[in-house]
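Step one of this worksheet: look at the structure below.
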Amino acid sequence: MTTTETRPVAPPFEVSSFAANRWADQIFKTALEINLFKALASKSQTAPEIAQTLKTDERGTAVLLDALMVLNLTKKANGRYELTEAAATYLNPDSDLYMGDFILGWEEMGHNWAELTEVIKTGVSQATVNRSAEAEKFFPRLAAAIFPLNYATAQATAEKLAVEKLPKDAKVLDLASGSGVWSIPMAQRNPEIQVDALDFPATLEVTRKFADKYHLSNQYGYLAGSWQDVSLRENYYDIAVLGHICHSEGWAETEKLFKKMYEVIKPGGRICVAEFLTNEAKTGPFFPMIFAVNMFVKTDKGCVFSDVELAQLLKNAGFTNPERLHLPYYGSESPVMVAHKPN
C-alpha cells in the first residue's frame, strides 16, 4: 500500500495500543512508588485527602486515581476512591499476597529483552538462567516475587486433585519448588502429607521461608541440587508437581524429566505440570505466545509447549490420560495438566 492509495483503512488501534500500554505500566509503577495502594487500603478517601496523606500534588493525584480506575485497580463513588478487590489483595504492602516487589522488579528481571533484536538475528541467547551458575543468582529472588502470582491457581489445583483424600503416608515431590507455592496449598489442605522440595540450595532457602511462614515446616523435607543429579526413590511419590520448570528446560530435558518422574511416582500416582500452554496451532493465548519470546531471550533451549505437545511428552514417558484441569477463571485455558501412572 502506498501513501497515495485512497481505499478506506481501519484506524491503527492494534499499533497505537502499545504506546498506551507503556503509559499504563508507568502509571501502575508510580502508584506503587508513592504507596498509593497502602494509603487507600484502610478506607475510602477523596483525592485531596489522599494527596494530603501522600504529600503529593492534589490535581496529579486525582488524575492518577482516575487512570487507575480504567486499569480496574480503583473505583469511585460520591467522589471517594477505594481499592478494587484485586488491588486490595495484591497491591497492598500489608497483604500476604503483595505483588509490588514483582512489579517494581520487572524491569530488572527483564533487562535481557533489550537484546532481543540481536538474539533474533544470531539465535544466541544473552542469558542462560536455566543453568546452575545463573540459576542460583536469578531464581531465589524470582521465586519469592512470583508466589502471589500462582497461589490462587495452586489452591484450585490442590482442590481439584482432592489431596485431602490421599492416604496418611502420602508423599508429594515438589520439583523446582521455588517458593513452594504449588505444594503449600496441598500441605494446607492435607496436614498428613509429607512434601519433598527439590531445588538449588539458595532457592530452597526461599522454600523453607514460605513453609515456615505458613506453619508447615513439619511437613517439609528438602533435597538440594539439580533434578538431574539428586537421587530419588523409585515408586515413592503419590504426586509429583512440576511448577513452571519445563519451559526453561526445553524439549530434550523435559522428555528426560518426565521419564524420571515416571520412575519415582507410585503406580496409580499422578504428575501435575503447571505451564504456560499455547493452543495446538500456536496462535494464542496472548501470554504464552509472548512468554515464548522470553524463553528464547533468557535460555539456550527453553520453549513454550502447546497443550497437545505437553500431553504427547507425558504419554511418551508412559503416563496415561493427560488432561488440563478445569480451574476457576481459566476455562479452557487452564495452565495445569495432570496425567496418571498406571497401576
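Residue names in the C-alpha cells use chain letters A, B, ... in the order shown, residue numbers from 1 in each chain, and ligand numbers from 1 in the order shown.
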* To do: Could you pull out the residues in segment 148-199 of chain A that DSSP calls strand (DSSP E or B) from the backbone, as a PyMOL selection string?
  => chain A and resi 171-175+194-199
Once you have the residues from the selection above, write them out as a PDB file, in the first residue's frame, restricted to all heavy atoms.
```
ATOM      1  N   LYS A 171       3.096 -39.031  49.930  1.00  0.00           N
ATOM      2  CA  LYS A 171       4.302 -38.256  49.684  1.00  0.00           C
ATOM      3  C   LYS A 171       4.117 -37.416  48.416  1.00  0.00           C
ATOM      4  O   LYS A 171       3.611 -37.911  47.396  1.00  0.00           O
ATOM      5  CB  LYS A 171       5.517 -39.173  49.495  1.00  0.00           C
ATOM      6  CG  LYS A 171       5.766 -40.145  50.639  1.00  0.00           C
ATOM      7  CD  LYS A 171       6.203 -39.429  51.898  1.00  0.00           C
ATOM      8  CE  LYS A 171       6.703 -40.410  52.961  1.00  0.00           C
ATOM      9  NZ  LYS A 171       5.672 -41.370  53.394  1.00  0.00           N
ATOM     10  N   VAL A 172       4.537 -36.156  48.490  1.00  0.00           N
ATOM     11  CA  VAL A 172       4.487 -35.239  47.351  1.00  0.00           C
ATOM     12  C   VAL A 172       5.895 -34.773  47.048  1.00  0.00           C
ATOM     13  O   VAL A 172       6.642 -34.381  47.948  1.00  0.00           O
ATOM     14  CB  VAL A 172       3.586 -34.027  47.654  1.00  0.00           C
ATOM     15  CG1 VAL A 172       3.681 -32.986  46.536  1.00  0.00           C
ATOM     16  CG2 VAL A 172       2.137 -34.471  47.840  1.00  0.00           C
ATOM     17  N   LEU A 173       6.267 -34.813  45.786  1.00  0.00           N
ATOM     18  CA  LEU A 173       7.538 -34.243  45.335  1.00  0.00           C
ATOM     19  C   LEU A 173       7.248 -32.910  44.669  1.00  0.00           C
ATOM     20  O   LEU A 173       6.500 -32.839  43.702  1.00  0.00           O
ATOM     21  CB  LEU A 173       8.226 -35.183  44.336  1.00  0.00           C
ATOM     22  CG  LEU A 173       9.513 -34.642  43.692  1.00  0.00           C
ATOM     23  CD1 LEU A 173      10.602 -34.425  44.738  1.00  0.00           C
ATOM     24  CD2 LEU A 173      10.004 -35.575  42.585  1.00  0.00           C
ATOM     25  N   ASP A 174       7.828 -31.842  45.197  1.00  0.00           N
ATOM     26  CA  ASP A 174       7.714 -30.510  44.594  1.00  0.00           C
ATOM     27  C   ASP A 174       9.048 -30.220  43.906  1.00  0.00           C
ATOM     28  O   ASP A 174      10.003 -29.780  44.535  1.00  0.00           O
ATOM     29  CB  ASP A 174       7.405 -29.472  45.670  1.00  0.00           C
ATOM     30  CG  ASP A 174       7.086 -28.106  45.081  1.00  0.00           C
ATOM     31  OD1 ASP A 174       7.293 -27.907  43.870  1.00  0.00           O
ATOM     32  OD2 ASP A 174       6.646 -27.215  45.846  1.00  0.00           O
ATOM     33  N   LEU A 175       9.108 -30.502  42.616  1.00  0.00           N
ATOM     34  CA  LEU A 175      10.360 -30.399  41.872  1.00  0.00           C
ATOM     35  C   LEU A 175      10.508 -28.998  41.292  1.00  0.00           C
ATOM     36  O   LEU A 175       9.581 -28.463  40.699  1.00  0.00           O
ATOM     37  CB  LEU A 175      10.394 -31.454  40.763  1.00  0.00           C
ATOM     38  CG  LEU A 175      11.739 -31.607  40.057  1.00  0.00           C
ATOM     39  CD1 LEU A 175      12.061 -33.067  39.793  1.00  0.00           C
ATOM     40  CD2 LEU A 175      11.746 -30.825  38.748  1.00  0.00           C
ATOM     41  N   GLN A 194       3.458 -35.497  53.372  1.00  0.00           N
ATOM     42  CA  GLN A 194       4.829 -35.022  53.506  1.00  0.00           C
ATOM     43  C   GLN A 194       5.331 -34.588  52.122  1.00  0.00           C
ATOM     44  O   GLN A 194       5.109 -35.274  51.134  1.00  0.00           O
ATOM     45  CB  GLN A 194       5.727 -36.123  54.062  1.00  0.00           C
ATOM     46  CG  GLN A 194       5.439 -36.468  55.525  1.00  0.00           C
ATOM     47  CD  GLN A 194       5.757 -35.321  56.462  1.00  0.00           C
ATOM     48  OE1 GLN A 194       6.822 -34.711  56.375  1.00  0.00           O
ATOM     49  NE2 GLN A 194       4.826 -35.015  57.362  1.00  0.00           N
ATOM     50  N   VAL A 195       5.989 -33.438  52.101  1.00  0.00           N
ATOM     51  CA  VAL A 195       6.476 -32.858  50.846  1.00  0.00           C
ATOM     52  C   VAL A 195       7.993 -32.882  50.833  1.00  0.00           C
ATOM     53  O   VAL A 195       8.640 -32.443  51.794  1.00  0.00           O
ATOM     54  CB  VAL A 195       5.994 -31.401  50.688  1.00  0.00           C
ATOM     55  CG1 VAL A 195       6.534 -30.805  49.383  1.00  0.00           C
ATOM     56  CG2 VAL A 195       4.470 -31.327  50.720  1.00  0.00           C
ATOM     57  N   ASP A 196       8.568 -33.386  49.745  1.00  0.00           N
ATOM     58  CA  ASP A 196       9.997 -33.239  49.481  1.00  0.00           C
ATOM     59  C   ASP A 196      10.160 -32.118  48.463  1.00  0.00           C
ATOM     60  O   ASP A 196       9.694 -32.234  47.320  1.00  0.00           O
ATOM     61  CB  ASP A 196      10.598 -34.532  48.922  1.00  0.00           C
ATOM     62  CG  ASP A 196      10.862 -35.563  50.003  1.00  0.00           C
ATOM     63  OD1 ASP A 196      10.878 -35.185  51.197  1.00  0.00           O
ATOM     64  OD2 ASP A 196      11.039 -36.751  49.663  1.00  0.00           O
ATOM     65  N   ALA A 197      10.789 -31.028  48.864  1.00  0.00           N
ATOM     66  CA  ALA A 197      11.039 -29.900  47.971  1.00  0.00           C
ATOM     67  C   ALA A 197      12.439 -30.037  47.382  1.00  0.00           C
ATOM     68  O   ALA A 197      13.414 -30.176  48.120  1.00  0.00           O
ATOM     69  CB  ALA A 197      10.904 -28.586  48.725  1.00  0.00           C
ATOM     70  N   LEU A 198      12.525 -30.003  46.064  1.00  0.00           N
ATOM     71  CA  LEU A 198      13.804 -30.166  45.382  1.00  0.00           C
ATOM     72  C   LEU A 198      14.116 -28.905  44.587  1.00  0.00           C
ATOM     73  O   LEU A 198      13.321 -28.476  43.743  1.00  0.00           O
ATOM     74  CB  LEU A 198      13.753 -31.391  44.449  1.00  0.00           C
ATOM     75  CG  LEU A 198      15.062 -31.891  43.836  1.00  0.00           C
ATOM     76  CD1 LEU A 198      14.894 -33.338  43.358  1.00  0.00           C
ATOM     77  CD2 LEU A 198      15.553 -31.044  42.671  1.00  0.00           C
ATOM     78  N   ASP A 199      15.267 -28.310  44.848  1.00  0.00           N
ATOM     79  CA  ASP A 199      15.695 -27.125  44.096  1.00  0.00           C
ATOM     80  C   ASP A 199      17.158 -26.850  44.423  1.00  0.00           C
ATOM     81  O   ASP A 199      17.763 -27.531  45.257  1.00  0.00           O
ATOM     82  CB  ASP A 199      14.820 -25.915  44.430  1.00  0.00           C
ATOM     83  CG  ASP A 199      14.619 -24.993  43.222  1.00  0.00           C
ATOM     84  OD1 ASP A 199      15.599 -24.770  42.475  1.00  0.00           O
ATOM     85  OD2 ASP A 199      13.493 -24.518  43.020  1.00  0.00           O
TER      86      ASP A 199
END
```
How close does segment 87-202 of chain A get to segment 274-280 of chain A? List, as JSON lines, each residue of segment 87-202 of chain A within 10 Å, its nearest atom pair and the distance in Å to one decimal, counting only C-alpha atoms.
```
{"residue": "A:Asn150", "atom": "CA", "partner": "A:Ala274", "partner_atom": "CA", "distance": 9.6}
{"residue": "A:Thr153", "atom": "CA", "partner": "A:Ala274", "partner_atom": "CA", "distance": 9.5}
{"residue": "A:Ala154", "atom": "CA", "partner": "A:Ala274", "partner_atom": "CA", "distance": 9.0}
{"residue": "A:Thr157", "atom": "CA", "partner": "A:Ala274", "partner_atom": "CA", "distance": 9.6}
{"residue": "A:Trp182", "atom": "CA", "partner": "A:Ala274", "partner_atom": "CA", "distance": 8.6}
```
Generate the output file for the selected residues, N, CA, C and O atoms, as a compact mmCIF listing (two decimals), in the first residue's frame.
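What ended up in selection.txt:
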```txt
# COMPACT_ATOMS: atom_id res chain seq x y z
N ASN A 150 0.94 -17.22 41.59
CA ASN A 150 0.49 -18.59 41.37
C ASN A 150 -0.33 -19.19 42.52
O ASN A 150 -0.87 -20.29 42.38
N THR A 153 -4.07 -20.14 41.89
CA THR A 153 -4.16 -21.26 40.95
C THR A 153 -3.73 -22.56 41.63
O THR A 153 -4.33 -23.62 41.41
N ALA A 154 -2.70 -22.48 42.48
CA ALA A 154 -2.24 -23.66 43.20
C ALA A 154 -3.29 -24.14 44.19
O ALA A 154 -3.48 -25.35 44.39
N THR A 157 -5.83 -25.98 42.21
CA THR A 157 -5.27 -27.25 41.77
C THR A 157 -5.33 -28.28 42.89
O THR A 157 -5.72 -29.45 42.67
N TRP A 182 3.35 -24.29 44.76
CA TRP A 182 2.48 -25.34 44.20
C TRP A 182 2.20 -26.45 45.19
O TRP A 182 1.20 -27.16 45.07
```
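The residue that comes closest to Leu161 of chain A, out of A:Val241, A:Ile146, A:Ala51, A:Cys246 and on the basis of only C-alpha atoms, is A:Val241.
Those residues that approach Lys282 of chain A to within 12 Å, counting only C-alpha atoms, are A:Phe276, A:Leu277, A:Thr278, A:Asn279, A:Glu280, A:Gly284, A:Pro285, A:Phe286, A:Phe287, A:Pro288, A:Met289, A:Ile290, A:Ala292, A:Val304, A:Phe305, A:Ser306, A:Asp307, A:Val308, A:Glu309; same-chain residues fewer than 2 positions away are not listed.
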* **Separation of atom CA of Thr254 of chain A from atom CA of Leu325 of chain A, in Å and rounded to one decimal** => 20.1 Å
* Write out as a VMD selection string the residues lying within 9 Å of Val181 of chain A, counting only C-alpha atoms and excluding same-chain residues fewer than 5 positions away. => chain A and resid 143 146 to 148 150 to 151 154 to 155 207 210 243
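Using only C-alpha atoms, the contacts of Lys165 of chain A at a cut-off of 12 Å, with sequence neighbours closer than 2 positions omitted, comprise Ala158, Glu159, Lys160, Leu161, Ala162, Val163, Pro167, Lys168, Asp169, Ala170, Met186, Arg189, Asn190, Pro191, Glu192, Ile193 and Asp238 of chain A.
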How would the residues just picked look written out with N, CA and C atoms as a PDB file, in the first residue's frame?
```
ATOM      1  N   ALA A 158      -4.948 -27.883  44.098  1.00  0.00           N
ATOM      2  CA  ALA A 158      -4.991 -28.805  45.238  1.00  0.00           C
ATOM      3  C   ALA A 158      -6.410 -29.306  45.484  1.00  0.00           C
ATOM      4  N   GLU A 159      -7.377 -28.407  45.297  1.00  0.00           N
ATOM      5  CA  GLU A 159      -8.782 -28.807  45.467  1.00  0.00           C
ATOM      6  C   GLU A 159      -9.200 -29.815  44.400  1.00  0.00           C
ATOM      7  N   LYS A 160      -8.834 -29.545  43.137  1.00  0.00           N
ATOM      8  CA  LYS A 160      -9.193 -30.449  42.047  1.00  0.00           C
ATOM      9  C   LYS A 160      -8.534 -31.820  42.211  1.00  0.00           C
ATOM     10  N   LEU A 161      -7.334 -31.840  42.767  1.00  0.00           N
ATOM     11  CA  LEU A 161      -6.627 -33.108  42.958  1.00  0.00           C
ATOM     12  C   LEU A 161      -7.138 -33.865  44.182  1.00  0.00           C
ATOM     13  N   ALA A 162      -8.010 -33.214  44.958  1.00  0.00           N
ATOM     14  CA  ALA A 162      -8.593 -33.831  46.166  1.00  0.00           C
ATOM     15  C   ALA A 162      -7.496 -34.409  47.063  1.00  0.00           C
ATOM     16  N   VAL A 163      -6.484 -33.602  47.347  1.00  0.00           N
ATOM     17  CA  VAL A 163      -5.346 -34.096  48.127  1.00  0.00           C
ATOM     18  C   VAL A 163      -5.755 -34.475  49.548  1.00  0.00           C
ATOM     19  N   PRO A 167      -3.868 -40.963  51.246  1.00  0.00           N
ATOM     20  CA  PRO A 167      -3.624 -41.697  52.496  1.00  0.00           C
ATOM     21  C   PRO A 167      -2.688 -40.934  53.428  1.00  0.00           C
ATOM     22  N   LYS A 168      -2.665 -41.345  54.698  1.00  0.00           N
ATOM     23  CA  LYS A 168      -1.894 -40.627  55.712  1.00  0.00           C
ATOM     24  C   LYS A 168      -0.409 -40.561  55.398  1.00  0.00           C
ATOM     25  N   ASP A 169       0.114 -41.582  54.769  1.00  0.00           N
ATOM     26  CA  ASP A 169       1.550 -41.612  54.495  1.00  0.00           C
ATOM     27  C   ASP A 169       1.891 -41.070  53.103  1.00  0.00           C
ATOM     28  N   ALA A 170       0.982 -40.291  52.520  1.00  0.00           N
ATOM     29  CA  ALA A 170       1.175 -39.809  51.150  1.00  0.00           C
ATOM     30  C   ALA A 170       2.403 -38.904  51.057  1.00  0.00           C
ATOM     31  N   MET A 186      -1.357 -27.797  48.934  1.00  0.00           N
ATOM     32  CA  MET A 186      -1.592 -29.223  49.158  1.00  0.00           C
ATOM     33  C   MET A 186      -1.367 -29.572  50.623  1.00  0.00           C
ATOM     34  N   ARG A 189      -4.121 -28.240  52.762  1.00  0.00           N
ATOM     35  CA  ARG A 189      -5.380 -28.964  52.593  1.00  0.00           C
ATOM     36  C   ARG A 189      -5.332 -30.342  53.255  1.00  0.00           C
ATOM     37  N   ASN A 190      -4.143 -30.905  53.358  1.00  0.00           N
ATOM     38  CA  ASN A 190      -3.985 -32.225  53.964  1.00  0.00           C
ATOM     39  C   ASN A 190      -2.768 -32.210  54.888  1.00  0.00           C
ATOM     40  N   PRO A 191      -2.970 -32.034  56.193  1.00  0.00           N
ATOM     41  CA  PRO A 191      -1.845 -31.935  57.133  1.00  0.00           C
ATOM     42  C   PRO A 191      -1.100 -33.248  57.347  1.00  0.00           C
ATOM     43  N   GLU A 192      -1.571 -34.328  56.707  1.00  0.00           N
ATOM     44  CA  GLU A 192      -0.915 -35.633  56.869  1.00  0.00           C
ATOM     45  C   GLU A 192       0.148 -35.889  55.805  1.00  0.00           C
ATOM     46  N   ILE A 193       0.111 -35.155  54.697  1.00  0.00           N
ATOM     47  CA  ILE A 193       1.065 -35.444  53.630  1.00  0.00           C
ATOM     48  C   ILE A 193       2.433 -34.867  53.947  1.00  0.00           C
ATOM     49  N   ASP A 238       3.200 -40.087  45.668  1.00  0.00           N
ATOM     50  CA  ASP A 238       1.815 -40.130  45.208  1.00  0.00           C
ATOM     51  C   ASP A 238       1.552 -39.057  44.154  1.00  0.00           C
TER      52      ASP A 238
END
```
* With a distance cut-off of 8 Å and only C-alpha atoms, select the neighbouring residues of Ile271 of chain A, excluding the residue or stretch itself and same-chain residues fewer than 5 positions from it, and output the selection as an MDAnalysis selection string. => chainID A and resid 239:242 261 265 338:341
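Taking atom CA of Ala317 of chain A as the reference point, atom CA of Lys259 of chain A is found at 4.9 Å.
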Exercise: Lys260 of chain A partners within 10 Å, only C-alpha atoms, chain neighbours under 4 positions left out, as a PDB file with N, CA and C atoms, in the first residue's frame:
```pdb
ATOM      1  N   TRP A 227      17.660 -31.497  39.480  1.00  0.00           N
ATOM      2  CA  TRP A 227      16.894 -32.740  39.372  1.00  0.00           C
ATOM      3  C   TRP A 227      17.669 -33.817  38.616  1.00  0.00           C
ATOM      4  N   GLN A 228      18.598 -33.393  37.739  1.00  0.00           N
ATOM      5  CA  GLN A 228      19.394 -34.374  37.012  1.00  0.00           C
ATOM      6  C   GLN A 228      20.346 -35.149  37.934  1.00  0.00           C
ATOM      7  N   LEU A 232      16.541 -39.994  43.664  1.00  0.00           N
ATOM      8  CA  LEU A 232      15.174 -40.074  44.173  1.00  0.00           C
ATOM      9  C   LEU A 232      14.733 -41.535  44.233  1.00  0.00           C
ATOM     10  N   GLU A 234      12.478 -44.774  43.796  1.00  0.00           N
ATOM     11  CA  GLU A 234      11.518 -45.212  42.783  1.00  0.00           C
ATOM     12  C   GLU A 234      10.195 -45.609  43.431  1.00  0.00           C
ATOM     13  N   THR A 254      13.001 -31.909  29.097  1.00  0.00           N
ATOM     14  CA  THR A 254      11.654 -32.198  29.603  1.00  0.00           C
ATOM     15  C   THR A 254      11.302 -33.658  29.379  1.00  0.00           C
ATOM     16  N   GLU A 255      11.701 -34.175  28.236  1.00  0.00           N
ATOM     17  CA  GLU A 255      11.462 -35.597  27.962  1.00  0.00           C
ATOM     18  C   GLU A 255      12.165 -36.469  29.000  1.00  0.00           C
ATOM     19  N   LYS A 256      13.417 -36.143  29.331  1.00  0.00           N
ATOM     20  CA  LYS A 256      14.152 -36.882  30.357  1.00  0.00           C
ATOM     21  C   LYS A 256      13.501 -36.703  31.735  1.00  0.00           C
ATOM     22  N   VAL A 264       9.764 -42.383  39.686  1.00  0.00           N
ATOM     23  CA  VAL A 264       9.672 -42.104  41.128  1.00  0.00           C
ATOM     24  C   VAL A 264       8.229 -42.019  41.634  1.00  0.00           C
ATOM     25  N   ILE A 265       7.264 -41.887  40.728  1.00  0.00           N
ATOM     26  CA  ILE A 265       5.855 -41.849  41.133  1.00  0.00           C
ATOM     27  C   ILE A 265       5.341 -43.276  41.334  1.00  0.00           C
ATOM     28  N   ALA A 317       6.445 -40.729  28.013  1.00  0.00           N
ATOM     29  CA  ALA A 317       7.122 -41.184  29.232  1.00  0.00           C
ATOM     30  C   ALA A 317       6.387 -42.344  29.903  1.00  0.00           C
TER      31      ALA A 317
END
```
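Considering only C-alpha atoms, the residue among A:Tyr90, A:Pro12, A:Lys55, A:Gly100 positioned nearest to Ala31 of chain A is A:Gly100.
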* Asked: So which bits of segment 147-228 of chain A end up helix (DSSP H, G or I) when you DSSP the backbone, as a PyMOL selection string?
  -> chain A and resi 147-160+163-165+184-189+201-213+217-219
* Structure fact -> From the list A:Ile245, A:Leu64, A:Leu216, A:Ile184, the nearest residue to Met295 of chain A using only C-alpha atoms is A:Ile245
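Counting only C-alpha atoms and comparing A:Asn72, A:Gln188, A:Thr203, A:Thr299, the residue that lies closest to Ala176 of chain A is A:Thr203.
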